[in-house]
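Structure file structure_30.pdb (PDB, C-alpha atoms, pLDDT in the B column) follows.
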```pdb
ATOM      1  CA  MET A 431     -10.332   3.924  13.693  1.00 62.00           C
ATOM      2  CA  ALA A 432     -12.935   1.735  15.325  1.00 58.00           C
ATOM      3  CA  THR A 433     -14.274  -1.695  14.470  1.00 63.00           C
ATOM      4  CA  VAL A 434     -17.970  -2.444  14.258  1.00 62.00           C
ATOM      5  CA  GLU A 435     -19.883  -5.657  13.752  1.00 66.00           C
ATOM      6  CA  GLY A 436     -22.599  -5.586  11.120  1.00 61.00           C
ATOM      7  CA  LYS A 437     -25.900  -7.460  11.063  1.00 69.00           C
ATOM      8  CA  ASP A 438     -24.093 -10.045   8.938  1.00 75.00           C
ATOM      9  CA  LYS A 439     -21.676 -10.708  11.862  1.00 78.00           C
ATOM     10  CA  LYS A 440     -18.799  -9.377   9.755  1.00 87.00           C
ATOM     11  CA  THR A 441     -16.309  -6.960  11.327  1.00 92.00           C
ATOM     12  CA  TYR A 442     -15.888  -3.608   9.585  1.00 94.00           C
ATOM     13  CA  ALA A 443     -13.484  -0.715  10.122  1.00 95.00           C
ATOM     14  CA  LEU A 444     -14.985   2.684  10.801  1.00 95.00           C
ATOM     15  CA  LYS A 445     -12.644   5.615  10.263  1.00 94.00           C
ATOM     16  CA  ILE A 446     -13.900   8.656  12.147  1.00 93.00           C
ATOM     17  CA  ARG A 447     -12.827  12.266  11.564  1.00 89.00           C
ATOM     18  CA  ARG A 448     -11.335  13.645  14.752  1.00 85.00           C
ATOM     19  CA  ILE A 449     -12.886  16.784  16.219  1.00 82.00           C
ATOM     20  CA  ASP A 450      -9.494  18.531  16.152  1.00 81.00           C
ATOM     21  CA  ALA A 451      -8.728  17.469  12.549  1.00 76.00           C
ATOM     22  CA  SER A 452      -7.471  20.189  10.216  1.00 80.00           C
ATOM     23  CA  ARG A 453      -9.752  18.961   7.432  1.00 80.00           C
ATOM     24  CA  SER A 454     -13.411  19.848   7.453  1.00 84.00           C
ATOM     25  CA  SER A 455     -14.602  16.617   5.831  1.00 89.00           C
ATOM     26  CA  MET A 456     -13.558  13.075   4.916  1.00 92.00           C
ATOM     27  CA  GLU A 457     -15.225  13.274   1.506  1.00 95.00           C
ATOM     28  CA  ARG A 458     -11.941  13.760  -0.412  1.00 95.00           C
ATOM     29  CA  GLU A 459     -10.339  10.776   1.311  1.00 95.00           C
ATOM     30  CA  ALA A 460     -13.433   8.689   0.550  1.00 97.00           C
ATOM     31  CA  LEU A 461     -13.207   9.709  -3.129  1.00 97.00           C
ATOM     32  CA  PHE A 462      -9.522   8.709  -3.288  1.00 97.00           C
ATOM     33  CA  HIS A 463     -10.213   5.443  -1.474  1.00 98.00           C
ATOM     34  CA  LYS A 464     -13.069   4.616  -3.862  1.00 98.00           C
ATOM     35  CA  THR A 465     -10.772   5.421  -6.804  1.00 98.00           C
ATOM     36  CA  ALA A 466      -8.273   2.909  -5.389  1.00 98.00           C
ATOM     37  CA  ASN A 467     -11.103   0.383  -4.930  1.00 98.00           C
ATOM     38  CA  SER A 468     -12.050   0.840  -8.593  1.00 98.00           C
ATOM     39  CA  VAL A 469      -8.694  -0.738  -9.569  1.00 98.00           C
ATOM     40  CA  GLY A 470      -8.806  -3.416  -6.858  1.00 97.00           C
ATOM     41  CA  VAL A 471      -6.665  -1.658  -4.235  1.00 98.00           C
ATOM     42  CA  GLY A 472      -7.428  -1.009  -0.572  1.00 97.00           C
ATOM     43  CA  PRO A 473     -10.081  -2.309   1.799  1.00 97.00           C
ATOM     44  CA  LEU A 474     -13.500  -2.027   0.165  1.00 97.00           C
ATOM     45  CA  VAL A 475     -15.439   1.130   1.125  1.00 98.00           C
ATOM     46  CA  TYR A 476     -19.124   0.524   1.840  1.00 97.00           C
ATOM     47  CA  ALA A 477     -20.263   3.991   2.886  1.00 96.00           C
ATOM     48  CA  SER A 478     -18.868   7.423   3.651  1.00 96.00           C
ATOM     49  CA  SER A 479     -19.944  10.832   4.883  1.00 95.00           C
ATOM     50  CA  GLU A 480     -18.329  14.057   6.042  1.00 93.00           C
ATOM     51  CA  ASN A 481     -17.237  12.372   9.265  1.00 94.00           C
ATOM     52  CA  PHE A 482     -16.998   8.623   8.596  1.00 95.00           C
ATOM     53  CA  ILE A 483     -15.685   5.993   6.193  1.00 96.00           C
ATOM     54  CA  LEU A 484     -17.012   2.446   6.625  1.00 96.00           C
ATOM     55  CA  MET A 485     -14.785  -0.191   5.030  1.00 97.00           C
ATOM     56  CA  ASP A 486     -13.572  -3.760   5.271  1.00 96.00           C
ATOM     57  CA  TYR A 487     -11.528  -4.486   8.371  1.00 96.00           C
ATOM     58  CA  VAL A 488      -8.028  -5.839   7.669  1.00 96.00           C
ATOM     59  CA  ASP A 489      -7.129  -8.327  10.372  1.00 95.00           C
ATOM     60  CA  GLY A 490      -3.357  -8.514  10.381  1.00 95.00           C
ATOM     61  CA  TRP A 491      -0.125  -6.625  10.995  1.00 97.00           C
ATOM     62  CA  ASN A 492       1.676  -3.587   9.673  1.00 96.00           C
ATOM     63  CA  ILE A 493       4.491  -4.627   7.337  1.00 97.00           C
ATOM     64  CA  GLY A 494       7.251  -4.084   9.912  1.00 95.00           C
ATOM     65  CA  CYS A 495       5.612  -6.263  12.574  1.00 96.00           C
ATOM     66  CA  TRP A 496       4.845  -8.973  10.039  1.00 97.00           C
ATOM     67  CA  LEU A 497       8.416  -9.008   8.734  1.00 96.00           C
ATOM     68  CA  GLY A 498       9.705  -9.233  12.306  1.00 94.00           C
ATOM     69  CA  GLN A 499       7.954 -12.540  12.908  1.00 93.00           C
ATOM     70  CA  GLU A 500      10.309 -15.509  12.943  1.00 89.00           C
ATOM     71  CA  ASN A 501       8.003 -17.799  10.943  1.00 91.00           C
ATOM     72  CA  THR A 502       7.763 -15.457   7.924  1.00 94.00           C
ATOM     73  CA  SER A 503       9.315 -17.262   4.934  1.00 95.00           C
ATOM     74  CA  ALA A 504      11.213 -15.831   1.979  1.00 94.00           C
ATOM     75  CA  THR A 505       8.447 -17.029  -0.357  1.00 95.00           C
ATOM     76  CA  GLN A 506       5.801 -15.226   1.680  1.00 97.00           C
ATOM     77  CA  VAL A 507       7.867 -12.027   1.717  1.00 96.00           C
ATOM     78  CA  ARG A 508       8.411 -12.159  -2.051  1.00 95.00           C
ATOM     79  CA  ASN A 509       4.665 -12.665  -2.574  1.00 96.00           C
ATOM     80  CA  ILE A 510       3.804  -9.678  -0.366  1.00 97.00           C
ATOM     81  CA  VAL A 511       6.404  -7.487  -2.110  1.00 96.00           C
ATOM     82  CA  ARG A 512       5.066  -8.502  -5.530  1.00 96.00           C
ATOM     83  CA  SER A 513       1.448  -7.944  -4.478  1.00 97.00           C
ATOM     84  CA  ALA A 514       2.213  -4.518  -2.996  1.00 98.00           C
ATOM     85  CA  LEU A 515       4.039  -3.492  -6.181  1.00 98.00           C
ATOM     86  CA  GLU A 516       1.205  -4.737  -8.416  1.00 98.00           C
ATOM     87  CA  GLN A 517      -1.215  -2.639  -6.375  1.00 98.00           C
ATOM     88  CA  CYS A 518       1.076   0.375  -6.689  1.00 98.00           C
ATOM     89  CA  TYR A 519       1.233  -0.106 -10.446  1.00 98.00           C
ATOM     90  CA  LYS A 520      -2.576  -0.130 -10.578  1.00 98.00           C
ATOM     91  CA  LEU A 521      -2.656   3.104  -8.566  1.00 98.00           C
ATOM     92  CA  ASP A 522      -0.111   4.653 -10.939  1.00 98.00           C
ATOM     93  CA  LEU A 523      -2.255   3.691 -13.941  1.00 97.00           C
ATOM     94  CA  ALA A 524      -5.327   5.177 -12.219  1.00 97.00           C
ATOM     95  CA  ASN A 525      -3.319   8.401 -11.798  1.00 97.00           C
ATOM     96  CA  LEU A 526      -3.801   8.224  -8.012  1.00 98.00           C
ATOM     97  CA  ASP A 527      -0.701   9.095  -6.010  1.00 98.00           C
ATOM     98  CA  HIS A 528      -1.028   7.726  -2.468  1.00 98.00           C
ATOM     99  CA  GLY A 529       1.338  10.354  -1.104  1.00 95.00           C
ATOM    100  CA  GLU A 530       2.635   8.535   1.966  1.00 95.00           C
ATOM    101  CA  LEU A 531       3.970   5.191   0.797  1.00 95.00           C
ATOM    102  CA  SER A 532       7.478   6.138   1.851  1.00 90.00           C
ATOM    103  CA  TYR A 533       6.068   5.650   5.395  1.00 91.00           C
ATOM    104  CA  LEU A 534       5.197   2.083   4.576  1.00 94.00           C
ATOM    105  CA  ASN A 535       4.860   0.835   8.139  1.00 92.00           C
ATOM    106  CA  HIS A 536       1.737   3.001   8.496  1.00 94.00           C
ATOM    107  CA  HIS A 537       0.245   2.283   5.071  1.00 97.00           C
ATOM    108  CA  LEU A 538       0.896  -1.366   4.183  1.00 98.00           C
ATOM    109  CA  LEU A 539      -0.797  -4.136   6.120  1.00 97.00           C
ATOM    110  CA  VAL A 540      -0.401  -7.884   5.764  1.00 97.00           C
ATOM    111  CA  SER A 541      -3.633  -9.703   6.526  1.00 96.00           C
ATOM    112  CA  LYS A 542      -3.734 -12.972   8.430  1.00 95.00           C
ATOM    113  CA  ASP A 543      -4.478 -14.724   5.131  1.00 94.00           C
ATOM    114  CA  LEU A 544      -1.183 -13.223   3.813  1.00 96.00           C
ATOM    115  CA  LYS A 545      -2.511 -10.562   1.464  1.00 96.00           C
ATOM    116  CA  ALA A 546      -0.951  -7.112   1.116  1.00 97.00           C
ATOM    117  CA  GLN A 547      -3.336  -4.210   1.721  1.00 97.00           C
ATOM    118  CA  ILE A 548      -2.516  -0.565   1.052  1.00 98.00           C
ATOM    119  CA  ILE A 549      -4.521   1.653   3.393  1.00 97.00           C
ATOM    120  CA  ASP A 550      -5.132   5.286   4.360  1.00 95.00           C
ATOM    121  CA  PHE A 551      -5.708   7.448   1.291  1.00 97.00           C
ATOM    122  CA  GLU A 552      -6.005  10.708   3.266  1.00 93.00           C
ATOM    123  CA  SER A 553      -2.997  12.365   1.568  1.00 94.00           C
ATOM    124  CA  SER A 554      -3.700  11.023  -1.911  1.00 97.00           C
ATOM    125  CA  SER A 555      -3.969  13.118  -5.049  1.00 97.00           C
ATOM    126  CA  LEU A 556      -5.289  12.765  -8.589  1.00 97.00           C
ATOM    127  CA  SER A 557      -3.354  15.826  -9.756  1.00 97.00           C
ATOM    128  CA  ARG A 558       0.292  15.299  -8.752  1.00 96.00           C
ATOM    129  CA  PRO A 559       2.626  12.881 -10.559  1.00 96.00           C
ATOM    130  CA  THR A 560       2.291   9.311  -9.299  1.00 97.00           C
ATOM    131  CA  ARG A 561       5.176   7.824  -7.357  1.00 96.00           C
ATOM    132  CA  ASN A 562       3.597   4.717  -5.860  1.00 98.00           C
ATOM    133  CA  VAL A 563       5.857   2.063  -7.407  1.00 97.00           C
ATOM    134  CA  THR A 564       9.060   4.046  -6.878  1.00 96.00           C
ATOM    135  CA  SER A 565       8.149   4.947  -3.269  1.00 96.00           C
ATOM    136  CA  VAL A 566       7.362   1.352  -2.342  1.00 97.00           C
ATOM    137  CA  ILE A 567      10.487  -0.013  -4.053  1.00 95.00           C
ATOM    138  CA  HIS A 568      12.596   2.421  -2.023  1.00 93.00           C
ATOM    139  CA  ALA A 569      10.799   1.565   1.227  1.00 95.00           C
ATOM    140  CA  LEU A 570      10.795  -2.211   0.675  1.00 94.00           C
ATOM    141  CA  LEU A 571      14.110  -2.812  -1.075  1.00 92.00           C
ATOM    142  CA  ILE A 572      16.491   0.139  -1.073  1.00 91.00           C
ATOM    143  CA  SER A 573      16.598   2.192   2.124  1.00 88.00           C
ATOM    144  CA  GLY A 574      15.307   2.139   5.673  1.00 87.00           C
ATOM    145  CA  ARG A 575      14.364  -0.312   8.390  1.00 91.00           C
ATOM    146  CA  ILE A 576      11.707  -2.128   6.348  1.00 94.00           C
ATOM    147  CA  SER A 577      14.099  -2.702   3.428  1.00 93.00           C
ATOM    148  CA  LYS A 578      16.658  -4.200   5.812  1.00 92.00           C
ATOM    149  CA  LEU A 579      14.036  -6.622   7.149  1.00 93.00           C
ATOM    150  CA  VAL A 580      12.957  -7.552   3.600  1.00 94.00           C
ATOM    151  CA  GLY A 581      16.569  -7.907   2.439  1.00 91.00           C
ATOM    152  CA  ASP A 582      17.376 -10.184   5.356  1.00 90.00           C
ATOM    153  CA  LYS A 583      14.344 -12.407   4.662  1.00 92.00           C
ATOM    154  CA  ILE A 584      14.797 -12.771   0.889  1.00 92.00           C
ATOM    155  CA  ASN A 585      18.558 -12.196   0.645  1.00 86.00           C
ATOM    156  CA  PHE A 586      18.065  -9.260  -1.730  1.00 82.00           C
ATOM    157  CA  ALA A 587      21.186  -7.352  -2.831  1.00 76.00           C
ATOM    158  CA  LYS A 588      20.378  -6.125  -6.359  1.00 78.00           C
ATOM    159  CA  HIS A 589      19.965  -2.439  -5.478  1.00 80.00           C
ATOM    160  CA  GLU A 590      22.220  -1.233  -8.293  1.00 85.00           C
ATOM    161  CA  GLU A 591      20.162  -3.122 -10.882  1.00 89.00           C
ATOM    162  CA  LEU A 592      16.954  -1.481  -9.662  1.00 91.00           C
ATOM    163  CA  LEU A 593      17.984   2.178  -9.866  1.00 92.00           C
ATOM    164  CA  PRO A 594      18.190   2.559 -13.679  1.00 95.00           C
ATOM    165  CA  LEU A 595      14.970   0.554 -14.065  1.00 95.00           C
ATOM    166  CA  LEU A 596      13.205   2.863 -11.603  1.00 95.00           C
ATOM    167  CA  ARG A 597      14.397   5.924 -13.559  1.00 95.00           C
ATOM    168  CA  LEU A 598      13.061   4.393 -16.773  1.00 96.00           C
ATOM    169  CA  TYR A 599       9.731   3.513 -15.126  1.00 97.00           C
ATOM    170  CA  LYS A 600       9.435   7.013 -13.680  1.00 95.00           C
ATOM    171  CA  ARG A 601       9.721   8.474 -17.213  1.00 95.00           C
ATOM    172  CA  ASP A 602       7.381   5.942 -18.832  1.00 95.00           C
ATOM    173  CA  LYS A 603       4.955   4.025 -16.598  1.00 96.00           C
ATOM    174  CA  VAL A 604       4.190   1.192 -19.007  1.00 96.00           C
ATOM    175  CA  ARG A 605       3.771  -2.506 -18.197  1.00 97.00           C
ATOM    176  CA  HIS A 606       7.045  -3.517 -19.874  1.00 97.00           C
ATOM    177  CA  ASN A 607       9.081  -1.171 -17.668  1.00 97.00           C
ATOM    178  CA  PHE A 608       7.217  -2.407 -14.603  1.00 97.00           C
ATOM    179  CA  GLU A 609       7.894  -6.051 -15.577  1.00 97.00           C
ATOM    180  CA  GLU A 610      11.624  -5.300 -15.861  1.00 96.00           C
ATOM    181  CA  ILE A 611      11.566  -4.123 -12.244  1.00 95.00           C
ATOM    182  CA  MET A 612       9.694  -7.247 -11.192  1.00 95.00           C
ATOM    183  CA  LYS A 613      12.281  -9.509 -12.904  1.00 93.00           C
ATOM    184  CA  VAL A 614      14.970  -8.181 -10.561  1.00 90.00           C
ATOM    185  CA  LEU A 615      12.992  -9.614  -7.645  1.00 86.00           C
ATOM    186  CA  ASP A 616      13.336 -13.180  -8.961  1.00 80.00           C
TER     187      ASP A 616
END
```

Just give me the structure as structure tokens.
Amino acid sequence: MATVEGKDKKTYALKIRRIDASRSSMEREALFHKTANSVGVGPLVYASSENFILMDYVDGWNIGCWLGQENTSATQVRNIVRSALEQCYKLDLANLDHGELSYLNHHLLVSKDLKAQIIDFESSSLSRPTRNVTSVIHALLISGRISKLVGDKINFAKHEELLPLLRLYKRDKVRHNFEEIMKVLD
């Protein structure tokens, strides 16, 4: 990933296919990223080719670094969690499975203006079952280092309430089931 400055003095991110990459082109990733953009998720893609994707640059931190900052408030953390889950729900409805959201520290950024941004659609799929909401819930609230950081910031301990709601959502990805999950965060 490189940053470039456009004629408009705006900074952009330029993702470049490595010479030793196992994939022959970035066209699939660009398609998945544009699909995410179509539902308002991910940095906006401006152009793509076999070897490049030009998109908005997200100036900020990965979720783990952001959560580790002392001045991060419980309200801010709740807002980022809610925003990330809303984006995941949109991806689920678009039938786009990100594929790597269980590795959240590499795929969720928090911008300096405190907006959640899901990035890197390289492993995405339009053909496998979507697991975006369930993957992010597990990573943010149930298990792992990130969930411990989130739990410490927002004093979250309702894991047992989430599990049956996640099973229900997994069977039927409708707004009502998603809203029931979101209520547990209050």

Assuming the chain letters and numbering stay as they are in my file, what does the PyMOL selection byres ((chain A and resi 559-561) around 7) actually select? List them as a PyMOL selection string.
chain A and resi 522+525-527+557-558+562-565

Taking the point (13.0, 3.0, -13.4) as given in the file, collect each protein or nucleic acid residue that comes within 12 Å of it, counting all atoms listed in the file, and present the set as a PyMOL selection string.
chain A and resi 561+563-565+567-568+589-612+614

May I have the residues from that selection written out with C-alpha atoms, as a compact mmCIF listing (two decimals), in the frame of the given file?
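Contents of the output file out-v9.txt:
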```
# COMPACT_ATOMS: atom_id res chain seq x y z
CA ARG A 561 5.18 7.82 -7.36
CA VAL A 563 5.86 2.06 -7.41
CA THR A 564 9.06 4.05 -6.88
CA SER A 565 8.15 4.95 -3.27
CA ILE A 567 10.49 -0.01 -4.05
CA HIS A 568 12.60 2.42 -2.02
CA HIS A 589 19.96 -2.44 -5.48
CA GLU A 590 22.22 -1.23 -8.29
CA GLU A 591 20.16 -3.12 -10.88
CA LEU A 592 16.95 -1.48 -9.66
CA LEU A 593 17.98 2.18 -9.87
CA PRO A 594 18.19 2.56 -13.68
CA LEU A 595 14.97 0.55 -14.06
CA LEU A 596 13.20 2.86 -11.60
CA ARG A 597 14.40 5.92 -13.56
CA LEU A 598 13.06 4.39 -16.77
CA TYR A 599 9.73 3.51 -15.13
CA LYS A 600 9.44 7.01 -13.68
CA ARG A 601 9.72 8.47 -17.21
CA ASP A 602 7.38 5.94 -18.83
CA LYS A 603 4.96 4.03 -16.60
CA VAL A 604 4.19 1.19 -19.01
CA ARG A 605 3.77 -2.51 -18.20
CA HIS A 606 7.04 -3.52 -19.87
CA ASN A 607 9.08 -1.17 -17.67
CA PHE A 608 7.22 -2.41 -14.60
CA GLU A 609 7.89 -6.05 -15.58
CA GLU A 610 11.62 -5.30 -15.86
CA ILE A 611 11.57 -4.12 -12.24
CA MET A 612 9.69 -7.25 -11.19
CA VAL A 614 14.97 -8.18 -10.56
```

Could you tell me, as a PyMOL selection string, exactly which residues end up selected when the PyMOL selection byres ((chain A and resi 575) around 12) is applied to this structure?
chain A and resi 493-495+497-498+532-535+568-574+576-582

Specify as a compact mmCIF listing (two decimals) with C-alpha atoms, in the frame of the given file each residue included when the PyMOL selection byres ((chain A and resi 547-551) around 10) is applied to this file.
```
# COMPACT_ATOMS: atom_id res chain seq x y z
CA LYS A 445 -12.64 5.62 10.26
CA ARG A 458 -11.94 13.76 -0.41
CA GLU A 459 -10.34 10.78 1.31
CA ALA A 460 -13.43 8.69 0.55
CA LEU A 461 -13.21 9.71 -3.13
CA PHE A 462 -9.52 8.71 -3.29
CA HIS A 463 -10.21 5.44 -1.47
CA LYS A 464 -13.07 4.62 -3.86
CA THR A 465 -10.77 5.42 -6.80
CA ALA A 466 -8.27 2.91 -5.39
CA VAL A 471 -6.66 -1.66 -4.24
CA GLY A 472 -7.43 -1.01 -0.57
CA PRO A 473 -10.08 -2.31 1.80
CA VAL A 488 -8.03 -5.84 7.67
CA GLY A 490 -3.36 -8.51 10.38
CA ASN A 492 1.68 -3.59 9.67
CA ILE A 493 4.49 -4.63 7.34
CA ILE A 510 3.80 -9.68 -0.37
CA SER A 513 1.45 -7.94 -4.48
CA ALA A 514 2.21 -4.52 -3.00
CA GLN A 517 -1.22 -2.64 -6.38
CA CYS A 518 1.08 0.38 -6.69
CA LEU A 526 -3.80 8.22 -8.01
CA ASP A 527 -0.70 9.10 -6.01
CA HIS A 528 -1.03 7.73 -2.47
CA GLY A 529 1.34 10.35 -1.10
CA GLU A 530 2.64 8.54 1.97
CA LEU A 531 3.97 5.19 0.80
CA LEU A 534 5.20 2.08 4.58
CA HIS A 536 1.74 3.00 8.50
CA HIS A 537 0.24 2.28 5.07
CA LEU A 538 0.90 -1.37 4.18
CA LEU A 539 -0.80 -4.14 6.12
CA VAL A 540 -0.40 -7.88 5.76
CA SER A 541 -3.63 -9.70 6.53
CA LEU A 544 -1.18 -13.22 3.81
CA LYS A 545 -2.51 -10.56 1.46
CA ALA A 546 -0.95 -7.11 1.12
CA GLU A 552 -6.00 10.71 3.27
CA SER A 553 -3.00 12.36 1.57
CA SER A 554 -3.70 11.02 -1.91
CA SER A 555 -3.97 13.12 -5.05
```

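Shell of segment 477-484 of chain A at 6 Å, with all atoms listed in the file counted and residues fewer than 3 places along the chain excluded, is Ala443, Leu444, Lys445, Ile446, Arg447, Ser455, Met456 and Glu457 of chain A.
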
Identify which of the residues A:Ile584, A:Leu523, A:Leu556, A:Leu615 lies closest to Gln506 of chain A, counting only C-alpha atoms when measuring atom-to-atom distances.
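The answer is A:Ile584, which sits nearest to Gln506 of chain A.
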
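For the pair atom CA of Leu515 of chain A and atom CA of Val566 of chain A, the interatomic distance is 7.0 Å.
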
Coordinates-based distance that separates atom CA of Thr502 of chain A from atom CA of Lys583 of chain A (Å, one decimal)
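Between atom CA of Lys583 of chain A and atom CA of Thr502 of chain A the gap works out to 8.0 Å.
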